[in-house]
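Novice: Sharing work24.cif, mmCIF, C-alpha atoms and all ligand atoms:
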```cif
data_upload
#
loop_
_atom_site.label_atom_id
_atom_site.label_comp_id
_atom_site.auth_asym_id
_atom_site.auth_seq_id
_atom_site.Cartn_x
_atom_site.Cartn_y
_atom_site.Cartn_z
CA MET A 190 -1.40 -16.27 -93.08
CA VAL A 191 1.77 -14.21 -92.84
CA ASP A 192 1.61 -10.56 -91.81
CA LEU A 193 3.99 -8.66 -94.11
CA SER A 194 3.12 -5.19 -92.84
CA VAL A 195 5.96 -3.03 -91.58
CA ARG A 196 6.47 0.31 -89.81
CA LEU A 197 9.31 2.64 -90.77
CA GLY A 198 9.08 5.34 -88.12
CA ARG A 199 5.97 7.34 -88.98
CA LEU A 200 5.49 5.44 -92.26
CA SER A 201 3.44 2.24 -92.46
CA LEU A 202 3.65 -0.15 -95.41
CA SER A 203 1.45 -3.15 -96.18
CA ASN A 204 4.56 -5.06 -97.24
CA PRO A 205 8.33 -4.40 -97.33
CA VAL A 206 8.87 -4.41 -101.12
CA LEU A 207 9.51 -0.99 -102.66
CA VAL A 208 10.87 -0.06 -106.06
CA ALA A 209 14.03 2.08 -106.09
CA SER A 210 14.30 5.63 -107.36
CA GLY A 211 15.56 5.96 -110.93
CA THR A 212 14.71 2.40 -111.89
CA PHE A 213 10.93 2.67 -112.15
CA GLY A 214 10.55 6.00 -113.98
CA TYR A 215 7.47 7.86 -112.75
CA ALA A 216 5.59 4.54 -112.73
CA ARG A 217 3.62 5.15 -115.97
CA GLU A 218 6.28 3.16 -117.80
CA MET A 219 5.50 0.11 -115.62
CA GLU A 220 1.71 0.16 -115.91
CA GLY A 221 0.57 -3.11 -117.43
CA LEU A 222 3.70 -4.93 -116.22
CA VAL A 223 3.34 -4.45 -112.47
CA ASP A 224 0.24 -4.74 -110.28
CA PHE A 225 0.77 -1.62 -108.17
CA THR A 226 -1.62 -2.85 -105.46
CA ARG A 227 0.89 -5.57 -104.59
CA LEU A 228 3.87 -3.27 -104.05
CA GLY A 229 4.74 -1.89 -100.63
CA GLY A 230 5.31 1.41 -102.40
CA ILE A 231 6.83 3.32 -105.28
CA ILE A 232 9.81 5.70 -105.19
CA PRO A 233 9.88 7.66 -108.44
CA LYS A 234 12.99 9.16 -110.05
CA THR A 235 14.76 11.88 -108.06
CA VAL A 236 13.39 15.35 -108.59
CA THR A 237 15.54 18.49 -108.33
CA ARG A 238 14.56 22.12 -107.77
CA LEU A 239 15.18 23.08 -111.40
CA PRO A 240 15.15 20.91 -114.55
CA ARG A 241 18.46 19.13 -115.27
CA ILE A 242 19.61 17.73 -118.59
CA GLY A 243 21.87 15.18 -116.91
CA ASN A 244 25.30 13.98 -117.97
CA PRO A 245 26.69 13.61 -121.51
CA PRO A 246 26.22 10.16 -123.14
CA PRO A 247 26.98 7.32 -122.87
CA ARG A 248 25.20 7.25 -119.52
CA THR A 249 25.05 3.52 -118.88
CA ILE A 250 27.32 0.57 -119.56
CA GLU A 251 26.97 -3.05 -118.64
CA THR A 252 30.21 -4.39 -117.15
CA ALA A 253 31.07 -8.05 -116.56
CA SER A 254 29.87 -7.58 -112.99
CA GLY A 255 27.17 -4.98 -112.70
CA MET A 256 25.70 -1.96 -114.39
CA LEU A 257 27.48 1.39 -114.35
CA ASN A 258 25.35 4.49 -114.72
CA ALA A 259 25.98 8.19 -114.72
CA ILE A 260 22.58 9.64 -115.56
CA GLY A 261 23.25 12.83 -113.62
CA LEU A 262 19.72 13.30 -112.27
CA ASP A 263 18.13 14.09 -115.62
CA ASN A 264 14.64 15.36 -114.68
CA ASP A 265 12.14 18.13 -115.40
CA GLY A 266 12.30 19.83 -112.00
CA ILE A 267 9.91 19.96 -109.09
CA ASP A 268 7.31 22.30 -110.60
CA TYR A 269 6.82 19.92 -113.52
CA PHE A 270 6.78 16.97 -111.11
CA ILE A 271 3.98 18.56 -109.07
CA GLN A 272 1.95 19.47 -112.15
CA HIS A 273 2.47 16.46 -114.39
CA HIS A 274 3.71 13.42 -112.45
CA LEU A 275 2.15 13.83 -109.02
CA PRO A 276 -1.50 13.71 -110.18
CA TYR A 277 -0.84 10.32 -111.78
CA LEU A 278 1.37 8.99 -108.97
CA ARG A 279 -1.10 9.93 -106.24
CA SER A 280 -3.89 8.15 -108.14
CA LEU A 281 -2.07 4.80 -107.90
CA PRO A 282 -3.25 2.22 -105.36
CA THR A 283 0.04 2.08 -103.49
CA VAL A 284 2.21 4.19 -101.20
CA LEU A 285 4.12 7.03 -102.86
CA ILE A 286 7.51 8.07 -101.51
CA ALA A 287 8.80 11.13 -103.37
CA ASN A 288 12.57 11.36 -103.80
CA ILE A 289 14.27 14.77 -103.88
CA ALA A 290 17.82 16.07 -104.26
CA GLY A 291 18.95 19.63 -103.67
CA LYS A 292 22.10 21.28 -104.99
CA ASN A 293 22.50 22.73 -101.51
CA GLU A 294 20.73 22.69 -98.15
CA ASP A 295 18.46 25.60 -99.08
CA GLU A 296 17.14 23.71 -102.09
CA PHE A 297 16.31 20.64 -100.01
CA GLU A 298 14.31 22.80 -97.63
CA GLU A 299 12.61 24.69 -100.46
CA MET A 300 11.55 21.48 -102.19
CA ALA A 301 10.23 20.01 -98.94
CA ALA A 302 8.15 23.16 -98.46
CA LEU A 303 6.81 22.95 -102.02
CA LEU A 304 5.74 19.33 -101.48
CA ALA A 305 4.35 19.91 -97.97
CA PRO A 306 0.86 21.01 -99.10
CA GLN A 307 0.59 18.24 -101.72
CA SER A 308 -1.72 15.32 -101.03
CA GLY A 309 -0.89 11.73 -101.79
CA ILE A 310 2.74 11.74 -100.62
CA ALA A 311 3.37 9.24 -97.82
CA ALA A 312 7.03 10.06 -97.21
CA LEU A 313 10.08 11.84 -98.62
CA GLU A 314 13.27 10.05 -99.50
CA LEU A 315 16.23 12.43 -99.54
CA ASN A 316 18.78 11.53 -102.17
CA LEU A 317 21.84 12.63 -100.20
CA SER A 318 24.03 10.37 -102.22
CA CYS A 319 23.95 10.76 -105.98
CA PRO A 320 27.53 10.13 -107.14
CA ASN A 321 27.05 11.57 -110.62
CA VAL A 322 26.11 15.19 -110.19
CA SER A 323 28.99 17.22 -111.50
CA GLY A 324 29.86 20.08 -109.18
CA GLY A 325 27.37 18.72 -106.71
CA VAL A 326 28.08 17.71 -103.16
CA ASP A 327 27.67 14.20 -101.88
CA PHE A 328 25.86 15.36 -98.74
CA ALA A 329 25.95 11.97 -97.06
CA THR A 330 29.74 11.87 -96.90
CA SER A 331 29.46 14.15 -93.85
CA PRO A 332 27.49 13.37 -90.68
CA ASP A 333 27.05 17.09 -89.96
CA VAL A 334 25.71 17.99 -93.40
CA THR A 335 23.45 14.93 -93.40
CA ALA A 336 22.00 15.98 -90.06
CA ARG A 337 21.52 19.61 -91.10
CA VAL A 338 19.65 18.68 -94.29
CA ILE A 339 17.37 16.30 -92.41
CA ARG A 340 16.59 18.85 -89.68
CA ARG A 341 15.72 21.53 -92.22
CA VAL A 342 13.53 19.18 -94.28
CA ARG A 343 11.78 17.95 -91.13
CA ALA A 344 10.97 21.51 -90.14
CA ALA A 345 9.66 22.31 -93.64
CA CYS A 346 7.23 19.44 -94.19
CA PRO A 347 5.09 16.97 -92.23
CA PHE A 348 6.24 13.84 -94.08
CA PRO A 349 8.20 10.92 -92.66
CA ILE A 350 11.79 11.26 -93.85
CA ILE A 351 14.01 8.57 -95.30
CA ALA A 352 17.69 9.44 -95.75
CA LYS A 353 19.26 7.62 -98.70
CA LEU A 354 22.95 7.22 -97.95
CA THR A 355 26.03 6.64 -100.05
CA PRO A 356 28.25 3.60 -99.59
CA ASN A 357 31.22 5.63 -100.87
CA VAL A 358 32.53 6.55 -97.42
CA THR A 359 35.07 5.15 -94.98
CA ASP A 360 32.43 4.30 -92.39
CA ILE A 361 28.70 4.62 -92.97
CA VAL A 362 27.74 4.09 -89.31
CA PRO A 363 28.37 7.65 -88.02
CA ILE A 364 26.44 9.02 -90.99
CA ALA A 365 23.45 6.74 -90.37
CA GLN A 366 23.64 7.67 -86.69
CA ALA A 367 23.64 11.38 -87.57
CA ALA A 368 20.56 10.79 -89.74
CA ALA A 369 18.82 9.05 -86.84
CA ASP A 370 19.77 11.78 -84.35
CA ALA A 371 18.48 14.47 -86.73
CA GLY A 372 15.07 12.82 -86.86
CA ALA A 373 15.09 10.65 -89.98
CA ASP A 374 12.38 7.97 -89.78
CA ALA A 375 14.54 5.49 -91.70
CA VAL A 376 17.69 5.21 -93.80
CA SER A 377 17.93 3.66 -97.27
CA LEU A 378 21.17 1.72 -97.65
CA VAL A 379 22.59 2.12 -100.26
CA ASN A 380 22.97 4.16 -103.41
CA THR A 381 25.43 3.00 -106.08
CA PHE A 382 29.16 2.36 -105.59
CA VAL A 383 31.36 4.68 -107.65
CA GLY A 384 33.20 2.87 -110.42
CA MET A 385 34.66 3.23 -113.87
CA ALA A 386 34.88 1.44 -117.21
CA ILE A 387 37.68 2.06 -119.71
CA ASP A 388 38.10 1.39 -123.42
CA TRP A 389 41.87 0.89 -123.31
CA ARG A 390 42.32 0.85 -127.10
CA ARG A 391 40.92 4.35 -127.34
CA ARG A 392 42.39 5.22 -123.95
CA ARG A 393 39.03 6.68 -123.00
CA ALA A 394 36.61 6.33 -120.14
CA ILE A 395 33.44 4.75 -121.55
CA LEU A 396 30.94 6.86 -119.65
CA GLY A 397 30.51 10.49 -120.71
CA ASN A 398 30.89 11.41 -117.03
CA LYS A 399 34.02 9.19 -116.83
CA THR A 400 32.86 7.63 -113.53
CA GLY A 401 29.49 6.16 -112.67
CA GLY A 402 27.59 4.21 -110.03
CA LEU A 403 27.77 0.41 -109.96
CA SER A 404 24.51 -1.43 -109.27
CA GLY A 405 22.84 -4.82 -109.69
CA PRO A 406 23.52 -8.28 -108.22
CA ALA A 407 27.29 -7.58 -108.12
CA ILE A 408 26.81 -5.13 -105.24
CA LYS A 409 24.44 -7.27 -103.17
CA PRO A 410 27.10 -8.64 -100.79
CA LEU A 411 28.48 -5.12 -100.27
CA ALA A 412 25.05 -3.64 -99.53
CA LEU A 413 24.14 -6.57 -97.29
CA ARG A 414 27.21 -6.02 -95.16
CA LEU A 415 26.48 -2.29 -94.79
CA VAL A 416 22.88 -3.01 -93.74
CA TRP A 417 24.12 -5.56 -91.21
CA ARG A 418 26.73 -3.14 -89.83
CA VAL A 419 24.35 -0.23 -89.46
CA ALA A 420 21.72 -2.50 -87.90
CA GLN A 421 24.17 -3.33 -85.11
CA HIS A 422 24.64 0.32 -84.16
CA VAL A 423 21.71 2.47 -85.23
CA LYS A 424 18.18 2.17 -83.89
CA ILE A 425 16.04 3.53 -86.75
CA PRO A 426 14.65 1.19 -89.45
CA ILE A 427 16.79 0.38 -92.48
CA ILE A 428 15.60 -0.04 -96.05
CA GLY A 429 18.01 -2.38 -97.84
CA VAL A 430 18.91 -1.56 -101.47
CA GLY A 431 21.54 -3.14 -103.69
CA GLY A 432 21.32 -6.00 -106.13
CA ILE A 433 18.06 -7.40 -104.81
CA ALA A 434 16.38 -9.53 -107.48
CA THR A 435 14.59 -12.43 -105.79
CA GLY A 436 12.55 -13.31 -102.72
CA GLU A 437 15.60 -15.05 -101.29
CA ASP A 438 17.62 -11.83 -101.64
CA VAL A 439 14.88 -10.01 -99.73
CA MET A 440 15.03 -12.58 -96.93
CA GLU A 441 18.81 -12.11 -96.65
CA PHE A 442 18.39 -8.36 -96.18
CA LEU A 443 15.59 -8.83 -93.62
CA VAL A 444 17.67 -11.27 -91.57
CA ALA A 445 20.64 -8.85 -91.81
CA GLY A 446 18.51 -6.12 -90.23
CA ALA A 447 16.56 -4.36 -92.99
CA SER A 448 12.88 -3.68 -92.26
CA ALA A 449 12.08 -3.13 -95.94
CA VAL A 450 13.85 -3.34 -99.29
CA GLN A 451 13.99 -1.64 -102.67
CA LEU A 452 14.33 -3.37 -106.00
CA GLY A 453 16.45 -1.33 -108.42
CA THR A 454 18.45 -2.52 -111.44
CA VAL A 455 16.41 -5.72 -111.67
CA ASN A 456 13.49 -3.58 -112.91
CA PHE A 457 15.50 -2.96 -116.10
CA TYR A 458 16.26 -6.58 -116.99
CA ASP A 459 13.18 -8.19 -115.42
CA PRO A 460 10.40 -5.63 -114.96
CA THR A 461 8.06 -8.12 -113.25
CA ALA A 462 10.63 -9.14 -110.60
CA SER A 463 8.76 -7.28 -107.85
CA MET A 464 5.68 -9.40 -108.52
CA ARG A 465 7.65 -12.64 -108.27
CA VAL A 466 9.29 -11.46 -105.08
CA MET A 467 5.88 -10.73 -103.56
CA GLU A 468 4.66 -14.14 -104.62
CA ALA A 469 7.58 -15.87 -102.90
CA LEU A 470 7.87 -13.88 -99.70
CA PRO A 471 5.05 -15.27 -97.49
CA GLU A 472 6.27 -18.84 -98.04
CA TYR A 473 9.88 -17.93 -97.15
CA VAL A 474 8.75 -16.13 -93.98
CA ALA A 475 6.67 -19.18 -93.05
CA GLN A 476 9.69 -21.44 -93.65
CA LEU A 477 11.39 -19.68 -90.72
CA GLY A 478 8.37 -20.49 -88.55
CA ALA A 479 7.36 -16.83 -88.41
CA THR A 480 3.93 -15.32 -88.90
CA ARG A 481 5.07 -11.68 -88.98
CA LEU A 482 7.90 -9.88 -90.70
CA SER A 483 9.03 -8.34 -87.42
CA GLU A 484 10.08 -11.80 -86.19
CA ILE A 485 12.58 -12.04 -89.06
CA ILE A 486 14.08 -8.54 -89.12
CA GLY A 487 17.63 -8.53 -87.73
CA SER A 488 17.36 -12.14 -86.66
CA LEU A 489 20.86 -13.12 -87.84
CA GLN A 490 22.32 -15.55 -85.34
CA PRO A 491 25.41 -14.41 -83.44
C1 LIG A 501 19.98 3.90 -114.05
C2 LIG A 501 19.90 4.21 -112.58
C3 LIG A 501 19.37 5.44 -112.17
C4 LIG A 501 19.28 5.74 -110.83
N1 LIG A 501 18.73 6.93 -110.46
C5 LIG A 501 18.57 7.21 -109.13
C6 LIG A 501 17.92 8.40 -108.73
O1 LIG A 501 17.45 9.21 -109.54
N2 LIG A 501 17.81 8.63 -107.40
C7 LIG A 501 18.26 7.76 -106.44
O2 LIG A 501 18.10 8.03 -105.25
N3 LIG A 501 18.87 6.61 -106.81
C8 LIG A 501 19.04 6.31 -108.12
N4 LIG A 501 19.62 5.13 -108.49
C9 LIG A 501 20.14 4.21 -107.46
C10 LIG A 501 19.13 3.11 -107.15
O3 LIG A 501 17.92 3.64 -106.63
C11 LIG A 501 19.73 2.10 -106.14
O4 LIG A 501 20.03 2.76 -104.93
C12 LIG A 501 21.01 1.45 -106.65
O5 LIG A 501 20.95 1.21 -108.04
C13 LIG A 501 21.34 0.13 -105.94
O6 LIG A 501 20.28 -0.80 -106.06
P1 LIG A 501 20.23 -1.93 -107.24
O7 LIG A 501 21.54 -2.63 -107.23
O8 LIG A 501 19.08 -2.80 -106.87
O9 LIG A 501 20.00 -1.18 -108.50
C14 LIG A 501 19.74 4.81 -109.85
C15 LIG A 501 20.25 3.58 -110.27
C16 LIG A 501 20.32 3.27 -111.61
C17 LIG A 501 20.89 1.93 -112.01
#
```
In structure tokens, how does this file's structure come out?
Ligand SMILES: Cc1cc2nc3c(=O)[nH]c(=O)nc-3n(C[C@H](O)[C@H](O)[C@H](O)COP(=O)(O)O)c2cc1C

Specialist:
Amino acid sequence: MVDLSVRLGRLSLSNPVLVASGTFGYAREMEGLVDFTRLGGIIPKTVTRLPRIGNPPPRTIETASGMLNAIGLDNDGIDYFIQHHLPYLRSLPTVLIANIAGKNEDEFEEMAALLAPQSGIAALELNLSCPNVSGGVDFATSPDVTARVIRRVRAACPFPIIAKLTPNVTDIVPIAQAAADAGADAVSLVNTFVGMAIDWRRRRAILGNKTGGLSGPAIKPLALRLVWRVAQHVKIPIIGVGGIATGEDVMEFLVAGASAVQLGTVNFYDPTASMRVMEALPEYVAQLGATRLSEIIGSLQP
């Protein structure tokens, strides 16, 4: 028997496999395809203070090496989330990690306070890193802003806090360190890499937003390296995200230093991938002669 349970600060999971925000809807869409009891947890689509219509179409394009998206945080706002999505999400037999994004620091704090009295939420993931919100600020490009948002959210709610960071920075380490110093329980590494697709005949950007975030297997080596780098310097647990599609991918992230992982784009082209990953994981852990996940995490040889 292999013990897959994992602790991320104040958050405990029965296994390290989560599904990434924005790629699993509000979970209703996946009912019948995924056995929720087998997931470590669910992170539904980012919720904002007020409803947002998102970016103009087209919002997604498949490139030769990865998916580009510029959804622009299309969602119905936090009041609708609490009334219509939360009752369903909290009824599911798995851990729920709500994901929020504010337009400014006040909104982050306000949303944390609105969720604080709600039951059924195990943790909050702060989307500090959406690259597609026009006029918005990419909070996690600054260590100071990252720290301030985390401190204010911590003071406003009792939930464990996961800071989801952007890879679109010169060096992610000081930002992850600032998140740790401000009291984040864990960091999610990473959101999408900003990119672009062009129709040269029409001399037009293909996405309505012109730029978008690249995701899928193409970004796995990039995300893996960022997880490994942060793991060398920052003490809080890391949740690896980026191109993960198989049990072997999960093992690579664990060895690099991630304590848990999120499956994202793979949910679009293979909605049952999380189930296959869960199937494979115990055997891979056993192949390394380990009986617990903790023996694998960050075990990359020098
Ligand atoms: C269509 C799409 C929508 C996304 N929406 C969100 C979102 O609402 N909030 C968020 O934190 N991340 C969002 N992401 C980013 C993913 O959660 C994940 O960090 C990223 O795609 C990298 O992982 P992957 O390569 O496994 O997809 C979105 C990604 C995609 C492809």

Novice: Region 194-210 of chain A: which residues within 9 Å, counting only C-alpha atoms, same-chain residues fewer than 6 positions away excluded, as a ChimeraX atom specification?

Specialist: /A:227-235,284,287-288,311-312,348-351,373-375,425-428,430,439,448-454,456,463,466-467,481-483

Novice: Please, could you write that set of residues out with C-alpha atoms as a PDB file, keeping the file's coordinate frame?

Specialist:
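Okay, this is what ended up in result02.pdb:
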```pdb
ATOM      1  CA  ARG A 227       0.890  -5.570-104.590  1.00  0.00           C
ATOM      2  CA  LEU A 228       3.870  -3.270-104.050  1.00  0.00           C
ATOM      3  CA  GLY A 229       4.740  -1.890-100.630  1.00  0.00           C
ATOM      4  CA  GLY A 230       5.310   1.410-102.400  1.00  0.00           C
ATOM      5  CA  ILE A 231       6.830   3.320-105.280  1.00  0.00           C
ATOM      6  CA  ILE A 232       9.810   5.700-105.190  1.00  0.00           C
ATOM      7  CA  PRO A 233       9.880   7.660-108.440  1.00  0.00           C
ATOM      8  CA  LYS A 234      12.990   9.160-110.050  1.00  0.00           C
ATOM      9  CA  THR A 235      14.760  11.880-108.060  1.00  0.00           C
ATOM     10  CA  VAL A 284       2.210   4.190-101.200  1.00  0.00           C
ATOM     11  CA  ALA A 287       8.800  11.130-103.370  1.00  0.00           C
ATOM     12  CA  ASN A 288      12.570  11.360-103.800  1.00  0.00           C
ATOM     13  CA  ALA A 311       3.370   9.240 -97.820  1.00  0.00           C
ATOM     14  CA  ALA A 312       7.030  10.060 -97.210  1.00  0.00           C
ATOM     15  CA  PHE A 348       6.240  13.840 -94.080  1.00  0.00           C
ATOM     16  CA  PRO A 349       8.200  10.920 -92.660  1.00  0.00           C
ATOM     17  CA  ILE A 350      11.790  11.260 -93.850  1.00  0.00           C
ATOM     18  CA  ILE A 351      14.010   8.570 -95.300  1.00  0.00           C
ATOM     19  CA  ALA A 373      15.090  10.650 -89.980  1.00  0.00           C
ATOM     20  CA  ASP A 374      12.380   7.970 -89.780  1.00  0.00           C
ATOM     21  CA  ALA A 375      14.540   5.490 -91.700  1.00  0.00           C
ATOM     22  CA  ILE A 425      16.040   3.530 -86.750  1.00  0.00           C
ATOM     23  CA  PRO A 426      14.650   1.190 -89.450  1.00  0.00           C
ATOM     24  CA  ILE A 427      16.790   0.380 -92.480  1.00  0.00           C
ATOM     25  CA  ILE A 428      15.600  -0.040 -96.050  1.00  0.00           C
ATOM     26  CA  VAL A 430      18.910  -1.560-101.470  1.00  0.00           C
ATOM     27  CA  VAL A 439      14.880 -10.010 -99.730  1.00  0.00           C
ATOM     28  CA  SER A 448      12.880  -3.680 -92.260  1.00  0.00           C
ATOM     29  CA  ALA A 449      12.080  -3.130 -95.940  1.00  0.00           C
ATOM     30  CA  VAL A 450      13.850  -3.340 -99.290  1.00  0.00           C
ATOM     31  CA  GLN A 451      13.990  -1.640-102.670  1.00  0.00           C
ATOM     32  CA  LEU A 452      14.330  -3.370-106.000  1.00  0.00           C
ATOM     33  CA  GLY A 453      16.450  -1.330-108.420  1.00  0.00           C
ATOM     34  CA  THR A 454      18.450  -2.520-111.440  1.00  0.00           C
ATOM     35  CA  ASN A 456      13.490  -3.580-112.910  1.00  0.00           C
ATOM     36  CA  SER A 463       8.760  -7.280-107.850  1.00  0.00           C
ATOM     37  CA  VAL A 466       9.290 -11.460-105.080  1.00  0.00           C
ATOM     38  CA  MET A 467       5.880 -10.730-103.560  1.00  0.00           C
ATOM     39  CA  ARG A 481       5.070 -11.680 -88.980  1.00  0.00           C
ATOM     40  CA  LEU A 482       7.900  -9.880 -90.700  1.00  0.00           C
ATOM     41  CA  SER A 483       9.030  -8.340 -87.420  1.00  0.00           C
TER      42      SER A 483
END
```

Novice: Could you give me the axis-aligned bounding box of ligand LIG 501 (chain A), with 5 Å of padding per side, as centre plus edge lengths in Å to one decimal, as lines of an AutoDock Vina configuration file?

Specialist:
```
center_x = 19.5
center_y = 3.2
center_z = -109.5
size_x = 14.1
size_y = 22.0
size_z = 19.1
```

Novice: Give me, please, the distance in Å between atom C14 of ligand LIG 501 (chain A) and CA of Ala365 (chain A), quoted to one decimal.

Specialist: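 Going from atom C14 of ligand LIG 501 (chain A) over to CA of Ala365 (chain A) covers 19.9 Å.
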
Novice: What's the separation between CA of Ala420 (chain A) and CA of Cys319 (chain A), in Å to one decimal place?

Specialist: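 Rounded to one decimal, the two atoms are 22.5 Å apart.
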
Novice: With only C-alpha atoms and all ligand atoms as the atoms that count, which of A:Thr252, A:Ser488, A:Ser331, A:Thr355 lies nearest to ligand LIG 501 (chain A)?

Specialist: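 Nearest to ligand LIG 501 (chain A): A:Thr355.
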
Novice: Find the residue from A:Pro410, A:Gly214, A:Gly431, A:Pro247 that sits nearest to ligand LIG 501 (chain A); use all atoms listed in the file when measuring.

Specialist: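 The answer is A:Gly431, which sits nearest to ligand LIG 501 (chain A).
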
Novice: How many Å lie between CA of Gly436 (chain A) and CA of Glu468 (chain A), rounded to one decimal?

Specialist: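 Computing it gives 8.2 Å between the two atoms.
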
Novice: So that I can see what lies close to region 391-408 of chain A, please list as an MDAnalysis selection string the residues with an atom at most 7 Å from it, counting all atoms listed in the file and leaving out residues fewer than 6 positions away in the same chain.

Specialist: chainID A and resid 244:249 254:259 320:321 381:385 431:433 454:455

Novice: Keeping only C-alpha atoms, write the selected residues as a PDB file, keeping the file's coordinate frame.

Specialist:
```
ATOM      1  CA  ASN A 244      25.300  13.980-117.970  1.00  0.00           C
ATOM      2  CA  PRO A 245      26.690  13.610-121.510  1.00  0.00           C
ATOM      3  CA  PRO A 246      26.220  10.160-123.140  1.00  0.00           C
ATOM      4  CA  PRO A 247      26.980   7.320-122.870  1.00  0.00           C
ATOM      5  CA  ARG A 248      25.200   7.250-119.520  1.00  0.00           C
ATOM      6  CA  THR A 249      25.050   3.520-118.880  1.00  0.00           C
ATOM      7  CA  SER A 254      29.870  -7.580-112.990  1.00  0.00           C
ATOM      8  CA  GLY A 255      27.170  -4.980-112.700  1.00  0.00           C
ATOM      9  CA  MET A 256      25.700  -1.960-114.390  1.00  0.00           C
ATOM     10  CA  LEU A 257      27.480   1.390-114.350  1.00  0.00           C
ATOM     11  CA  ASN A 258      25.350   4.490-114.720  1.00  0.00           C
ATOM     12  CA  ALA A 259      25.980   8.190-114.720  1.00  0.00           C
ATOM     13  CA  PRO A 320      27.530  10.130-107.140  1.00  0.00           C
ATOM     14  CA  ASN A 321      27.050  11.570-110.620  1.00  0.00           C
ATOM     15  CA  THR A 381      25.430   3.000-106.080  1.00  0.00           C
ATOM     16  CA  PHE A 382      29.160   2.360-105.590  1.00  0.00           C
ATOM     17  CA  VAL A 383      31.360   4.680-107.650  1.00  0.00           C
ATOM     18  CA  GLY A 384      33.200   2.870-110.420  1.00  0.00           C
ATOM     19  CA  MET A 385      34.660   3.230-113.870  1.00  0.00           C
ATOM     20  CA  GLY A 431      21.540  -3.140-103.690  1.00  0.00           C
ATOM     21  CA  GLY A 432      21.320  -6.000-106.130  1.00  0.00           C
ATOM     22  CA  ILE A 433      18.060  -7.400-104.810  1.00  0.00           C
ATOM     23  CA  THR A 454      18.450  -2.520-111.440  1.00  0.00           C
ATOM     24  CA  VAL A 455      16.410  -5.720-111.670  1.00  0.00           C
TER      25      VAL A 455
END
```

Novice: Pick out the closest residue to ligand LIG 501 (chain A) from this set: A:Ala301, A:Leu262, A:Ala329, A:Ala344. Count all atoms listed in the file.

Specialist: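 Comparing A:Ala301, A:Leu262, A:Ala329, A:Ala344 against ligand LIG 501 (chain A), the winner is A:Leu262.
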
Novice: Looking at A:Ser308, A:Ser377, A:Gln476, A:Ser280, which one is nearest to ligand LIG 501 (chain A), with distances taken over only C-alpha atoms and all ligand atoms?

Specialist: A:Ser377

Novice: If you count all atoms listed in the file, which residues fall within 12 Å of Glu299 (chain A), apart from same-chain ones fewer than 2 positions away, as an MDAnalysis selection string?

Specialist: chainID A and resid 237:239 267:268 289:297 301:305 338 341:346

Novice: Taking all atoms listed in the file into account, which of A:Ala475, A:Met190, A:Met464, A:Ala371 comes nearest Met219 (chain A)?

Specialist: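 Among the listed residues, A:Met464 lies closest to Met219 (chain A).
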
Novice: Counting all atoms listed in the file, which of A:Leu315, A:Ala369, A:Ala386, A:Val362 gets nearest to ligand LIG 501 (chain A)?

Specialist: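 Among the listed residues, the smallest separation from ligand LIG 501 (chain A) belongs to A:Leu315.
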
Novice: Take region 416-426 of chain A, model N, CA and C atoms, and hand the result over as a PDB file, in the coordinates of the input.

Specialist:
```pdb
ATOM      1  N   VAL A 416      24.149  -2.930 -94.481  1.00  0.00           N
ATOM      2  CA  VAL A 416      22.880  -3.010 -93.740  1.00  0.00           C
ATOM      3  C   VAL A 416      23.128  -3.701 -92.394  1.00  0.00           C
ATOM      4  N   TRP A 417      23.830  -4.799 -92.428  1.00  0.00           N
ATOM      5  CA  TRP A 417      24.120  -5.560 -91.210  1.00  0.00           C
ATOM      6  C   TRP A 417      24.892  -4.702 -90.206  1.00  0.00           C
ATOM      7  N   ARG A 418      25.908  -3.975 -90.715  1.00  0.00           N
ATOM      8  CA  ARG A 418      26.730  -3.140 -89.830  1.00  0.00           C
ATOM      9  C   ARG A 418      25.924  -2.021 -89.192  1.00  0.00           C
ATOM     10  N   VAL A 419      25.141  -1.338 -90.008  1.00  0.00           N
ATOM     11  CA  VAL A 419      24.350  -0.230 -89.460  1.00  0.00           C
ATOM     12  C   VAL A 419      23.308  -0.772 -88.471  1.00  0.00           C
ATOM     13  N   ALA A 420      22.741  -1.922 -88.788  1.00  0.00           N
ATOM     14  CA  ALA A 420      21.720  -2.500 -87.900  1.00  0.00           C
ATOM     15  C   ALA A 420      22.263  -2.792 -86.502  1.00  0.00           C
ATOM     16  N   GLN A 421      23.573  -3.069 -86.427  1.00  0.00           N
ATOM     17  CA  GLN A 421      24.170  -3.330 -85.110  1.00  0.00           C
ATOM     18  C   GLN A 421      24.247  -2.082 -84.243  1.00  0.00           C
ATOM     19  N   HIS A 422      24.305  -0.905 -84.901  1.00  0.00           N
ATOM     20  CA  HIS A 422      24.640   0.320 -84.160  1.00  0.00           C
ATOM     21  C   HIS A 422      23.553   1.373 -84.114  1.00  0.00           C
ATOM     22  N   VAL A 423      22.650   1.357 -85.087  1.00  0.00           N
ATOM     23  CA  VAL A 423      21.710   2.470 -85.230  1.00  0.00           C
ATOM     24  C   VAL A 423      20.289   1.947 -85.037  1.00  0.00           C
ATOM     25  N   LYS A 424      19.481   2.701 -84.308  1.00  0.00           N
ATOM     26  CA  LYS A 424      18.180   2.170 -83.890  1.00  0.00           C
ATOM     27  C   LYS A 424      17.044   2.351 -84.906  1.00  0.00           C
ATOM     28  N   ILE A 425      17.182   3.312 -85.844  1.00  0.00           N
ATOM     29  CA  ILE A 425      16.040   3.530 -86.750  1.00  0.00           C
ATOM     30  C   ILE A 425      15.988   2.454 -87.838  1.00  0.00           C
ATOM     31  N   PRO A 426      14.789   2.236 -88.422  1.00  0.00           N
ATOM     32  CA  PRO A 426      14.650   1.190 -89.450  1.00  0.00           C
ATOM     33  C   PRO A 426      15.535   1.436 -90.676  1.00  0.00           C
TER      34      PRO A 426
END
```
